[in-house]
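**Q** So that you have it, the file is target32.cif, and it contains mmCIF, C-alpha atoms:
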```cif
data_entry
#
loop_
_atom_site.label_atom_id
_atom_site.label_comp_id
_atom_site.auth_asym_id
_atom_site.auth_seq_id
_atom_site.Cartn_x
_atom_site.Cartn_y
_atom_site.Cartn_z
CA MET A 124 -4.51 47.63 -15.02
CA ARG A 125 -3.16 44.09 -14.80
CA ILE A 126 -0.66 43.24 -12.05
CA GLU A 127 1.28 39.97 -12.38
CA SER A 128 3.70 38.16 -10.09
CA SER A 129 5.22 34.73 -9.65
CA VAL A 130 7.16 32.37 -7.38
CA THR A 131 9.01 29.19 -8.34
CA ALA A 132 10.15 26.11 -6.41
CA ILE A 133 12.72 23.63 -7.70
CA SER A 134 13.02 20.26 -5.93
CA TRP A 135 16.33 18.43 -6.34
CA ILE A 136 18.44 15.72 -4.70
CA PRO A 137 21.68 17.07 -3.17
CA SER A 138 24.66 14.85 -2.47
CA ASP A 139 24.54 12.77 0.72
CA ALA A 140 20.76 13.23 0.98
CA ILE A 141 19.75 9.55 0.77
CA GLU A 142 20.08 7.08 3.62
CA GLY A 143 20.07 3.30 4.02
CA MET A 144 19.87 0.71 1.25
CA PRO A 145 18.32 3.12 -1.31
CA LYS A 146 21.67 4.96 -1.21
CA LEU A 147 23.51 2.00 -2.79
CA PRO A 148 22.80 2.85 -6.48
CA PHE A 149 24.15 6.36 -5.86
CA GLU A 150 27.28 5.04 -4.19
CA ILE A 151 28.18 2.67 -7.03
CA GLY A 152 27.45 5.21 -9.75
CA VAL A 153 24.29 3.69 -11.24
CA ALA A 154 22.13 6.60 -10.05
CA ARG A 155 23.34 10.15 -9.48
CA TYR A 156 22.60 13.10 -7.24
CA ASP A 157 21.46 16.33 -8.88
CA GLU A 158 23.69 19.24 -9.68
CA PRO A 159 22.61 22.32 -7.69
CA PRO A 160 20.13 24.47 -9.63
CA PRO A 161 21.26 27.93 -10.77
CA GLU A 162 21.16 30.95 -8.46
CA HIS A 163 19.00 32.84 -10.96
CA LEU A 164 16.27 31.68 -13.33
CA GLU A 165 15.72 33.15 -16.77
CA GLU A 166 12.89 32.54 -19.22
CA GLY A 167 13.06 28.96 -20.49
CA ASP A 168 15.42 27.72 -17.77
CA LEU A 169 12.91 25.32 -16.21
CA GLU A 170 12.36 23.50 -19.50
CA ARG A 171 16.12 23.39 -20.12
CA LEU A 172 16.86 22.05 -16.64
CA ARG A 173 14.21 19.36 -17.01
CA ALA A 174 15.68 18.31 -20.36
CA GLU A 175 19.09 18.02 -18.66
CA ASP A 176 17.63 15.88 -15.83
CA ARG A 177 18.55 18.53 -13.23
CA PHE A 178 15.52 18.41 -10.90
CA ARG A 179 12.74 16.16 -9.65
CA GLU A 180 9.88 18.70 -9.70
CA ALA A 181 9.42 22.38 -10.45
CA ASN A 182 6.43 24.41 -9.28
CA ARG A 183 5.96 27.73 -11.07
CA LEU A 184 3.03 29.69 -9.69
CA THR A 185 2.19 32.71 -11.80
CA ALA A 186 -0.96 34.74 -11.18
CA TRP A 187 -2.53 38.11 -11.97
CA ILE A 188 -5.15 40.57 -10.79
CA ASP A 189 -6.95 43.30 -12.75
CA VAL A 190 -7.41 46.57 -10.89
CA GLU A 191 -9.69 49.49 -11.76
CA ASP A 192 -9.97 52.58 -9.54
CA GLY A 193 -8.25 50.68 -6.74
CA ARG A 194 -10.73 47.78 -6.90
CA ILE A 195 -10.03 44.19 -7.90
CA VAL A 196 -12.19 43.37 -10.92
CA GLY A 197 -10.51 40.18 -12.13
CA HIS A 198 -7.92 37.56 -11.21
CA GLY A 199 -6.48 34.30 -12.44
CA TYR A 200 -3.87 31.58 -12.26
CA GLU A 201 -1.15 30.90 -14.79
CA GLY A 202 2.12 29.00 -14.40
CA THR A 203 2.77 25.28 -14.60
CA GLY A 204 4.21 22.20 -12.96
CA LEU A 205 7.09 20.13 -14.33
CA VAL A 206 8.25 16.68 -13.23
CA GLY A 207 11.73 15.50 -14.15
CA SER A 208 13.15 12.15 -15.20
CA THR A 209 15.63 9.78 -13.57
CA THR A 210 18.73 8.59 -15.44
CA PHE A 211 20.53 5.34 -14.59
CA SER A 212 24.05 4.62 -15.87
CA LEU A 213 24.34 0.96 -16.90
CA GLY A 214 27.88 0.67 -18.13
CA ILE A 215 27.81 1.17 -21.88
CA THR A 216 24.49 3.00 -21.93
CA ASP A 217 22.18 5.25 -19.91
CA ILE A 218 18.48 4.65 -19.32
CA THR A 219 16.21 7.62 -18.62
CA ILE A 220 12.83 6.94 -17.00
CA PRO A 221 10.29 9.81 -17.08
CA GLY A 222 8.68 10.83 -13.83
CA VAL A 223 4.94 10.60 -13.19
CA ALA A 224 3.30 14.01 -12.82
CA PHE A 225 0.24 14.38 -10.60
CA GLU A 226 -2.62 16.78 -11.20
CA VAL A 227 -1.74 20.40 -10.39
CA LEU A 228 -3.84 21.44 -7.38
CA ARG A 229 -5.05 25.05 -7.26
CA HIS A 230 -7.06 26.43 -4.38
CA GLU A 231 -9.90 28.81 -4.98
CA PRO A 232 -8.32 32.30 -4.77
CA GLU A 233 -8.84 34.11 -1.46
CA ILE A 234 -10.08 37.60 -2.31
CA GLU A 235 -9.71 40.52 0.07
CA GLU A 236 -10.41 44.19 -0.50
CA HIS A 237 -6.89 45.00 -1.69
CA ALA A 238 -5.27 41.61 -2.33
CA VAL A 239 -5.77 38.11 -3.73
CA ARG A 240 -4.02 35.01 -2.43
CA PHE A 241 -3.28 32.07 -4.75
CA VAL A 242 -2.13 28.58 -3.65
CA GLN A 243 -0.76 25.88 -5.96
CA THR A 244 0.59 22.36 -5.34
CA VAL A 245 2.81 20.54 -7.85
CA GLY A 246 4.32 17.09 -7.46
CA GLY A 247 4.67 13.53 -8.63
CA ARG A 248 6.88 10.50 -8.27
CA ALA A 249 9.69 8.71 -10.05
CA GLY A 250 8.63 6.42 -12.87
CA PHE A 251 10.60 3.37 -11.68
CA PRO A 252 9.34 0.93 -9.01
CA ALA A 253 10.58 1.18 -5.41
CA PRO A 254 9.18 -1.80 -3.44
CA ARG A 255 9.20 -1.06 0.29
CA ARG A 256 7.26 -1.31 3.52
CA VAL A 257 5.30 1.83 4.35
CA VAL A 258 3.43 3.33 7.27
CA GLY A 259 -0.32 2.68 7.04
CA ARG A 260 -2.32 0.74 4.51
CA PRO A 261 -1.56 -1.03 2.23
CA PHE A 262 1.70 -1.50 4.27
CA VAL A 263 3.68 -2.30 1.10
CA ARG A 264 4.11 0.01 -1.91
CA ILE A 265 5.60 -0.70 -5.32
CA HIS A 266 5.53 2.86 -6.67
CA SER A 267 8.14 5.34 -5.41
CA ALA A 268 7.22 7.96 -2.80
CA THR A 269 5.56 11.26 -3.71
CA ALA A 270 7.43 14.59 -3.69
CA TRP A 271 5.73 17.99 -3.86
CA THR A 272 5.73 21.68 -2.99
CA THR A 273 2.81 23.96 -2.15
CA LEU A 274 3.35 27.65 -2.91
CA ALA A 275 1.25 30.66 -1.92
CA LEU A 276 1.37 34.00 -3.71
CA THR A 277 -0.39 37.17 -2.57
CA ILE A 278 -0.77 40.03 -5.08
CA ARG A 279 -1.88 43.46 -3.86
CA THR A 280 -3.55 46.35 -5.65
CA ASP A 281 -0.54 48.60 -4.95
CA GLY A 282 1.62 46.35 -7.16
CA THR A 283 3.47 44.55 -4.38
CA SER A 284 3.41 40.81 -3.79
CA GLU A 285 4.75 38.23 -1.37
CA HIS A 286 5.25 34.47 -1.53
CA GLN A 287 5.42 31.55 0.88
CA LEU A 288 6.32 27.87 0.82
CA THR A 289 3.30 26.66 2.80
CA GLY A 290 3.96 22.94 2.51
CA ALA A 291 6.36 20.41 1.01
CA SER A 292 7.44 16.80 1.14
CA THR A 293 10.27 16.12 3.58
CA PHE A 294 12.43 15.03 0.64
CA PRO A 295 14.17 16.21 -1.54
CA ARG A 296 15.60 19.74 -1.11
CA HIS A 297 13.35 22.61 -2.25
CA TRP A 298 14.75 25.96 -3.47
CA ILE A 299 12.49 29.01 -3.78
CA TYR A 300 12.90 31.80 -6.36
CA ASP A 301 11.16 35.19 -6.25
CA ARG A 302 9.32 37.02 -9.05
CA ASP A 303 12.63 38.20 -10.50
CA GLY A 304 14.06 34.68 -10.63
CA ASN A 305 16.45 35.15 -7.70
CA LEU A 306 17.11 32.31 -5.25
CA VAL A 307 15.84 33.65 -1.90
CA GLU A 308 14.89 30.70 0.33
CA LYS A 309 15.23 26.96 0.72
CA SER A 310 13.73 24.16 2.76
CA GLY A 311 15.83 23.78 5.88
CA THR A 312 15.57 20.05 6.50
CA ILE A 313 15.52 16.76 4.62
CA ASP A 314 14.10 13.57 6.16
CA PHE A 315 14.56 10.82 3.60
CA LYS A 316 13.54 7.93 5.86
CA THR A 317 10.22 9.50 6.84
CA TRP A 318 9.49 10.49 3.24
CA TYR A 319 10.36 7.04 1.90
CA ARG A 320 8.00 5.30 4.36
CA GLU A 321 5.17 7.80 4.69
CA ALA A 322 4.74 9.98 1.55
CA HIS A 323 2.21 7.87 -0.30
CA GLY A 324 -1.51 7.63 -1.05
CA GLU A 325 -3.67 9.59 1.39
CA ARG A 326 -0.59 10.96 3.16
CA THR A 327 -0.07 13.59 0.46
CA PRO A 328 -1.96 16.69 -0.74
CA TRP A 329 -3.72 14.43 -3.29
CA GLY A 330 -5.10 12.54 -0.31
CA ASP A 331 -5.87 14.52 2.83
CA GLU A 332 -2.50 15.50 4.34
CA GLU A 333 0.03 18.29 3.91
CA SER A 334 3.48 18.61 5.49
CA ASP A 335 4.68 21.93 6.86
CA ALA A 336 7.95 23.21 5.44
CA PHE A 337 10.80 24.60 7.55
CA VAL A 338 12.19 27.46 5.44
CA THR A 339 15.49 29.32 5.82
CA ALA A 340 17.05 32.19 3.90
CA ALA A 341 19.39 31.18 1.11
CA GLU A 342 23.11 31.25 1.88
CA SER A 343 25.42 33.69 0.14
CA ALA A 344 26.69 33.16 -3.40
CA LEU A 345 30.21 32.83 -1.99
CA GLU A 346 29.15 30.01 0.32
CA ARG A 347 27.42 28.22 -2.54
CA GLU A 348 30.57 28.43 -4.65
CA MET A 349 32.82 27.23 -1.83
CA SER A 350 30.56 24.36 -0.80
CA ARG A 351 30.13 23.24 -4.42
CA GLU A 352 33.91 23.04 -4.86
CA LEU A 353 34.42 21.21 -1.57
CA MET A 354 31.68 18.64 -2.19
CA ALA A 355 32.58 18.11 -5.85
CA GLY A 356 36.18 17.42 -4.89
CA LYS A 357 35.12 15.06 -2.08
CA MET A 358 37.62 16.79 0.19
CA ILE A 359 35.49 16.50 3.34
CA PRO A 360 35.79 13.00 4.81
CA GLU A 361 34.21 13.69 8.22
CA ARG A 362 30.47 14.15 8.84
CA ARG A 363 28.66 14.82 12.11
CA THR A 364 25.01 14.40 13.00
CA LEU A 365 23.46 16.57 15.71
CA LYS A 366 20.23 15.92 17.57
CA PRO A 367 17.88 18.86 18.23
CA ASP A 368 19.34 21.17 20.94
CA GLU A 369 22.78 19.54 20.70
CA THR A 370 25.64 22.06 20.61
CA LEU A 371 28.10 22.14 17.73
CA VAL A 372 30.44 24.83 19.11
CA GLU A 373 30.40 26.89 22.31
CA GLN A 374 31.20 30.60 22.50
CA GLY A 375 34.62 31.12 24.11
CA ALA A 376 35.86 27.60 23.36
CA PRO A 377 38.95 27.06 21.17
CA GLY A 378 38.36 25.92 17.61
CA ASP A 379 40.23 25.52 14.33
CA GLU A 380 37.64 23.83 12.08
CA LEU A 381 34.92 25.12 9.82
CA TYR A 382 31.60 23.43 9.18
CA LEU A 383 29.40 23.11 6.11
CA VAL A 384 25.73 22.64 6.98
CA LEU A 385 24.47 19.77 4.82
CA ASP A 386 20.99 19.59 6.30
CA GLY A 387 18.99 21.09 9.15
CA VAL A 388 18.97 24.44 10.92
CA LEU A 389 21.55 25.80 13.39
CA ALA A 390 20.63 28.46 15.95
CA VAL A 391 23.28 31.15 16.55
CA GLU A 392 23.64 32.71 20.02
CA VAL A 393 26.00 35.49 21.11
CA ASP A 394 26.27 36.17 24.86
CA GLY A 395 23.16 34.06 25.40
CA GLU A 396 21.04 36.00 22.92
CA ALA A 397 19.64 34.37 19.76
CA VAL A 398 20.84 36.38 16.77
CA ALA A 399 20.26 34.18 13.69
CA GLU A 400 19.37 30.83 12.21
CA ILE A 401 21.55 29.18 9.57
CA GLY A 402 20.39 26.55 7.10
CA PRO A 403 21.81 24.15 4.50
CA GLY A 404 24.69 25.39 2.40
CA ALA A 405 26.05 27.77 5.02
CA ILE A 406 29.71 27.59 6.05
CA VAL A 407 30.30 28.52 9.70
CA GLY A 408 33.18 28.85 12.14
CA GLU A 409 35.36 31.22 10.09
CA ARG A 410 35.67 33.94 12.72
CA ALA A 411 37.50 31.69 15.17
CA LEU A 412 40.20 31.15 12.54
CA LEU A 413 40.47 34.88 11.89
CA GLU A 414 40.24 36.08 15.49
CA GLY A 415 42.69 34.07 17.55
CA GLY A 416 41.18 30.59 17.49
CA THR A 417 38.31 31.29 19.90
CA ARG A 418 34.65 30.70 19.02
CA THR A 419 32.70 33.96 18.92
CA ALA A 420 29.22 32.39 19.05
CA THR A 421 27.42 29.27 20.21
CA LEU A 422 25.93 27.12 17.45
CA SER A 423 23.30 24.55 18.39
CA ALA A 424 20.93 22.37 16.41
CA ARG A 425 17.38 23.64 16.20
CA THR A 426 16.46 20.57 14.14
CA ARG A 427 18.30 17.37 13.42
CA CYS A 428 21.41 18.51 11.55
CA ARG A 429 24.14 16.99 9.44
CA VAL A 430 27.36 18.95 9.04
CA ALA A 431 30.61 18.32 7.18
CA VAL A 432 33.82 19.17 9.00
CA ILE A 433 36.14 21.34 6.89
CA PRO A 434 39.84 21.31 7.84
CA ALA A 435 41.10 24.89 8.03
CA GLU A 436 43.89 24.26 5.51
CA LEU A 437 41.33 23.73 2.73
CA ILE A 438 40.26 27.40 2.86
CA ASP A 439 42.76 30.21 2.30
CA ARG A 440 42.69 33.36 4.44
CA GLN A 441 41.33 35.59 1.69
CA GLU A 442 38.29 33.32 1.31
CA LEU A 443 37.83 33.32 5.09
CA GLU A 444 37.90 37.12 5.20
CA SER A 445 35.42 37.35 2.33
CA LEU A 446 33.15 34.86 4.09
CA ALA A 447 33.32 36.82 7.35
CA ALA A 448 32.53 40.06 5.51
CA THR A 449 29.54 38.41 3.82
CA ARG A 450 28.28 37.17 7.19
CA ARG A 451 28.51 40.66 8.72
CA GLU A 452 26.46 42.04 5.84
#
```
Can you dump the structure from the file as structure tokens?
**A**
Amino acid sequence: MRIESSVTAISWIPSDAIEGMPKLPFEIGVARYDEPPPEHLEEGDLERLRAEDRFREANRLTAWIDVEDGRIVGHGYEGTGLVGSTTFSLGITDITIPGVAFEVLRHEPEIEEHAVRFVQTVGGRAGFPAPRRVVGRPFVRIHSATAWTTLALTIRTDGTSEHQLTGASTFPRHWIYDRDGNLVEKSGTIDFKTWYREAHGERTPWGDEESDAFVTAAESALEREMSRELMAGKMIPERRTLKPDETLVEQGAPGDELYLVLDGVLAVEVDGEAVAEIGPGAIVGERALLEGGTRTATLSARTRCRVAVIPAELIDRQELESLAATRRE
């Protein structure tokens, strides 16, 4: 009997993710941020999204094991890696530059009595030059920095499987989809400056280094819809940056604003007890608006965080109640 499973990562550039001088082409409309990927992947979607210039890289790890009488008698990798293009708008015309795909790295499968673990790395770089100073030799690079994801997939003889994002570049954002194509996790942090200066040469999986990935659960579909509308309409003028351990809101304090987490991970405490962690895309602070204007939890930065401040009048009460109900679930 053959048992198959899969996991997919899509790497894309969300709005406001780039810092410093490299942000200029995005601000003047020459380059563009990526549209968020879909919440569910169907057969053929990766190829379609690449053709539409919707992501930077996609890592699809598919694998199988053959089982006879409860024993593993065969196993193998399938799947693929895709690297997207970059489109520049130059007034009367657009120029699309294909990305440079690196070799797909596949570890030797780890075989146990009742399971096999597969690990695959996919990545590459943009095809246009990006002259800059970098950390370590050769101190100056012409090629753009390298982006990648490393996925692990364990398939068991009982038909179950589990996946893990074991490593990834610190830029861009990475979304993870399960075997059924459902968005289930995402990388919690983006560090463009570190990536821009350090993700090159030997400082990548094609050299001798890997970067751990901080993963959070995906936000609700409602939050994705609300945040997409707010960001697309550019209705959020104020941004805040929090250092690790800095508090965003304190339980018991008054408050009449909501917050959209753009990057990083917030820790949630109620009566001094840690109850959750919230990552990018989440909208928080709704309960204070519904329950008398008093914060019901303390939110503090577990990592460096960027949040957008949402004036309460931008969200109607029905949306707030739906958001609160989703959070309770």
**Q** Between A:Leu383, A:Ala132, A:Ala238, A:Val206, which has the minimum distance to Gly290 in chain A (counting all atoms listed in the file)?
**A**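 Ranked by minimum distance to Gly290 in chain A, first place goes to A:Ala132.
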**Q** Grab the CA of Glu285 in chain A to CA of Thr426 in chain A distance for me, in Å with one decimal place.
**A** 26.3 Å
**Q** Would you mind reading off the distance between CA of Ser423 in chain A and CA of Gly378 in chain A, one decimal, in Å?
**A**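 Computing it gives 15.1 Å between the two atoms.
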**Q** Please evaluate the PyMOL selection byres ((chain A and resi 182) around 10) against the displayed coordinates and give the resulting residues as a list in words.
**A**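 Checking the PyMOL selection byres ((chain A and resi 182) around 10) against this file, the residues are Val130, Thr131, Ala132, Ile133, Ser134, Leu169, Glu180, Ala181, Arg183, Leu184, Thr185, Gly202, Thr203, Gly204, Leu205, Val206, Val227, Gln243, Thr244, Val245, Gly246, Trp271, Thr272, Thr273, Leu274 and Ile299 of chain A.
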**Q** Using only C-alpha atoms, find the one residue out of A:Glu165, A:Asp368, A:Asp303, A:Glu333 that sits nearest to Ala291 in chain A.
**A**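 When distances to Ala291 in chain A are compared using only C-alpha atoms, the smallest one comes from A:Glu333.
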**Q** Near range 197-200 of chain A, counting all atoms listed in the file, which residues have an atom at most 9 Å away, once you skip same-chain residues fewer than 3 positions from it, shown as number ranges by chain?
**A** A: 125, 184-190, 229, 232, 239, 241
**Q** Print the selection's residues with C-alpha atoms to a file, as a short mmCIF file (atom, residue, chain, number, x, y, z; two decimals), in the coordinates of the input.
**A**
```cif
data_model
loop_
_atom_site.label_atom_id
_atom_site.label_comp_id
_atom_site.auth_asym_id
_atom_site.auth_seq_id
_atom_site.Cartn_x
_atom_site.Cartn_y
_atom_site.Cartn_z
CA ARG A 125 -3.16 44.09 -14.80
CA LEU A 184 3.03 29.69 -9.69
CA THR A 185 2.19 32.71 -11.80
CA ALA A 186 -0.96 34.74 -11.18
CA TRP A 187 -2.53 38.11 -11.97
CA ILE A 188 -5.15 40.57 -10.79
CA ASP A 189 -6.95 43.30 -12.75
CA VAL A 190 -7.41 46.57 -10.89
CA ARG A 229 -5.05 25.05 -7.26
CA PRO A 232 -8.32 32.30 -4.77
CA VAL A 239 -5.77 38.11 -3.73
CA PHE A 241 -3.28 32.07 -4.75
#
```
**Q** Starting from 3 Å padding per side, set up an axis-aligned box that covers all listed atoms of range 139-143 of chain A and hand over centre and edge lengths in Å, one decimal, as JSON.
**A**
```
{"center_x": 22.1, "center_y": 8.3, "center_z": 2.4, "size_x": 10.8, "size_y": 15.9, "size_z": 9.3}
```
**Q** When the PyMOL selection byres ((chain A and resi 212) around 12) is applied to the structure above, which residues does it catch, written out as an mmCIF file with C-alpha atoms, in the coordinates of the input?
**A**
```
data_model
loop_
_atom_site.group_PDB
_atom_site.id
_atom_site.type_symbol
_atom_site.label_atom_id
_atom_site.label_comp_id
_atom_site.auth_asym_id
_atom_site.auth_seq_id
_atom_site.Cartn_x
_atom_site.Cartn_y
_atom_site.Cartn_z
ATOM 1 C CA PRO A 148 22.800 2.850 -6.480
ATOM 2 C CA PHE A 149 24.150 6.360 -5.860
ATOM 3 C CA ILE A 151 28.180 2.670 -7.030
ATOM 4 C CA GLY A 152 27.450 5.210 -9.750
ATOM 5 C CA VAL A 153 24.290 3.690 -11.240
ATOM 6 C CA ALA A 154 22.130 6.600 -10.050
ATOM 7 C CA ARG A 155 23.340 10.150 -9.480
ATOM 8 C CA THR A 209 15.630 9.780 -13.570
ATOM 9 C CA THR A 210 18.730 8.590 -15.440
ATOM 10 C CA PHE A 211 20.530 5.340 -14.590
ATOM 11 C CA LEU A 213 24.340 0.960 -16.900
ATOM 12 C CA GLY A 214 27.880 0.670 -18.130
ATOM 13 C CA ILE A 215 27.810 1.170 -21.880
ATOM 14 C CA THR A 216 24.490 3.000 -21.930
ATOM 15 C CA ASP A 217 22.180 5.250 -19.910
ATOM 16 C CA ILE A 218 18.480 4.650 -19.320
ATOM 17 C CA THR A 219 16.210 7.620 -18.620
ATOM 18 C CA ILE A 220 12.830 6.940 -17.000
#
```
**Q** Nearest to His163 in chain A among A:Leu228, A:Leu371, A:Leu365, A:Leu306, with distances taken over only C-alpha atoms: which residue is it?
**A**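 Checking each candidate against His163 in chain A, we get A:Leu306 as the closest.
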